[in-house]
Amino acid sequence: MPKKSAPPANFETALAELEQIVSRLESGELPLEDALNEFEQGVQLARQGQQKLQQAEQRVQILLDSDAPLPPFTPEAE
């Protein structure tokens, strides 16, 4: 079973972790089970990063679409 770790604190950290995983997978030196675990963790990181990007895009769109005062942004639970 893959190790479950806390999600990265921010987008940049998640991206750096994902880049490390890709490097390890591309090396071709991992045993199959380890490669599958790394791949699973990479997919989770990619999904978290995509979610953070979508939240940022929504914030930008709100700012561009509205002249009214904006309520404070509260991200969804991570």
# chains A, B, ... in the order shown; residues from 1 in each chain; ligands from 1

call {"tool": "residues_around", "arguments": {"residues": "range 12-16 of chain A", "least_positions_apart": "3", "cutoff": "8 Å", "atoms": "only C-alpha atoms", "output": "JSON, numbers by chain"}}
result
{"A": [7, 8, 9, 19, 20, 45, 46, 48, 49]}

call {"tool": "write_last_selection", "arguments": {"atoms": "all heavy atoms", "output": "PDB file, in the first residue's frame"}}
result
ATOM      1  N   PRO A   7      -0.761  16.460   2.414  1.00  0.00           N
ATOM      2  CA  PRO A   7      -0.594  17.172   1.149  1.00  0.00           C
ATOM      3  C   PRO A   7       0.399  18.321   1.312  1.00  0.00           C
ATOM      4  O   PRO A   7       0.539  18.868   2.401  1.00  0.00           O
ATOM      5  CB  PRO A   7      -1.996  17.690   0.829  1.00  0.00           C
ATOM      6  CG  PRO A   7      -2.794  17.544   2.054  1.00  0.00           C
ATOM      7  CD  PRO A   7      -2.105  16.566   2.938  1.00  0.00           C
ATOM      8  N   PRO A   8       1.080  18.675   0.240  1.00  0.00           N
ATOM      9  CA  PRO A   8       2.039  19.780   0.312  1.00  0.00           C
ATOM     10  C   PRO A   8       1.365  21.074   0.748  1.00  0.00           C
ATOM     11  O   PRO A   8       0.181  21.283   0.510  1.00  0.00           O
ATOM     12  CB  PRO A   8       2.557  19.908  -1.117  1.00  0.00           C
ATOM     13  CG  PRO A   8       2.192  18.644  -1.782  1.00  0.00           C
ATOM     14  CD  PRO A   8       1.011  18.083  -1.076  1.00  0.00           C
ATOM     15  N   ALA A   9       2.151  21.936   1.368  1.00  0.00           N
ATOM     16  CA  ALA A   9       1.610  23.183   1.904  1.00  0.00           C
ATOM     17  C   ALA A   9       1.152  24.143   0.815  1.00  0.00           C
ATOM     18  O   ALA A   9       0.230  24.907   1.020  1.00  0.00           O
ATOM     19  CB  ALA A   9       2.653  23.855   2.790  1.00  0.00           C
ATOM     20  N   GLU A  19       7.811  16.906  -9.779  1.00  0.00           N
ATOM     21  CA  GLU A  19       8.980  16.849 -10.649  1.00  0.00           C
ATOM     22  C   GLU A  19       9.975  15.783 -10.185  1.00  0.00           C
ATOM     23  O   GLU A  19      10.564  15.073 -11.003  1.00  0.00           O
ATOM     24  CB  GLU A  19       9.660  18.217 -10.710  1.00  0.00           C
ATOM     25  CG  GLU A  19       8.860  19.242 -11.494  1.00  0.00           C
ATOM     26  CD  GLU A  19       9.426  20.646 -11.399  1.00  0.00           C
ATOM     27  OE1 GLU A  19      10.279  20.917 -10.527  1.00  0.00           O
ATOM     28  OE2 GLU A  19       9.004  21.491 -12.209  1.00  0.00           O
ATOM     29  N   GLN A  20      10.150  15.644  -8.879  1.00  0.00           N
ATOM     30  CA  GLN A  20      11.041  14.615  -8.340  1.00  0.00           C
ATOM     31  C   GLN A  20      10.510  13.221  -8.660  1.00  0.00           C
ATOM     32  O   GLN A  20      11.275  12.319  -9.017  1.00  0.00           O
ATOM     33  CB  GLN A  20      11.208  14.790  -6.830  1.00  0.00           C
ATOM     34  CG  GLN A  20      11.983  16.023  -6.450  1.00  0.00           C
ATOM     35  CD  GLN A  20      11.991  16.268  -4.949  1.00  0.00           C
ATOM     36  OE1 GLN A  20      11.391  15.531  -4.178  1.00  0.00           O
ATOM     37  NE2 GLN A  20      12.676  17.327  -4.529  1.00  0.00           N
ATOM     38  N   LEU A  45      -0.759  14.339  -6.503  1.00  0.00           N
ATOM     39  CA  LEU A  45      -0.163  15.671  -6.521  1.00  0.00           C
ATOM     40  C   LEU A  45      -0.645  16.479  -7.727  1.00  0.00           C
ATOM     41  O   LEU A  45      -0.929  17.675  -7.611  1.00  0.00           O
ATOM     42  CB  LEU A  45       1.364  15.577  -6.535  1.00  0.00           C
ATOM     43  CG  LEU A  45       2.021  15.161  -5.224  1.00  0.00           C
ATOM     44  CD1 LEU A  45       3.491  14.834  -5.449  1.00  0.00           C
ATOM     45  CD2 LEU A  45       1.852  16.248  -4.174  1.00  0.00           C
ATOM     46  N   ALA A  46      -0.746  15.828  -8.879  1.00  0.00           N
ATOM     47  CA  ALA A  46      -1.221  16.514 -10.083  1.00  0.00           C
ATOM     48  C   ALA A  46      -2.661  16.981  -9.893  1.00  0.00           C
ATOM     49  O   ALA A  46      -3.008  18.106 -10.279  1.00  0.00           O
ATOM     50  CB  ALA A  46      -1.110  15.592 -11.293  1.00  0.00           C
ATOM     51  N   GLN A  48      -4.139  17.671  -7.002  1.00  0.00           N
ATOM     52  CA  GLN A  48      -4.129  18.771  -6.035  1.00  0.00           C
ATOM     53  C   GLN A  48      -3.662  20.066  -6.699  1.00  0.00           C
ATOM     54  O   GLN A  48      -4.233  21.127  -6.461  1.00  0.00           O
ATOM     55  CB  GLN A  48      -3.210  18.431  -4.858  1.00  0.00           C
ATOM     56  CG  GLN A  48      -3.741  17.339  -3.973  1.00  0.00           C
ATOM     57  CD  GLN A  48      -2.701  16.826  -2.994  1.00  0.00           C
ATOM     58  OE1 GLN A  48      -1.601  17.354  -2.891  1.00  0.00           O
ATOM     59  NE2 GLN A  48      -3.047  15.774  -2.262  1.00  0.00           N
ATOM     60  N   GLY A  49      -2.645  19.972  -7.526  1.00  0.00           N
ATOM     61  CA  GLY A  49      -2.150  21.146  -8.235  1.00  0.00           C
ATOM     62  C   GLY A  49      -3.196  21.704  -9.180  1.00  0.00           C
ATOM     63  O   GLY A  49      -3.372  22.924  -9.274  1.00  0.00           O
TER      64      GLY A  49
END

call {"tool": "select_by_dssp", "arguments": {"residues": "range 11-71 of chain A", "states": "helix (DSSP H, G or I)", "output": "JSON, numbers by chain"}}
result
{"A": [11, 12, 13, 14, 15, 16, 17, 18, 19, 20, 21, 22, 23, 24, 25, 26, 27, 32, 33, 34, 35, 36, 37, 38, 39, 40, 41, 42, 43, 44, 45, 46, 47, 48, 49, 50, 51, 52, 53, 54, 55, 56, 57, 58, 59, 60, 61, 62, 63, 64, 65]}

call {"tool": "closest_residue", "arguments": {"among": "A:Ser66, A:Ser23, A:Asn10, A:Gln61", "to": "Gly42 in chain A", "atoms": "only C-alpha atoms"}}
result
A:Ser23

call {"tool": "atom_distance", "arguments": {"atom1": "CA of Leu32 in chain A", "atom2": "CA of Arg47 in chain A"}}
result
22.5 Å
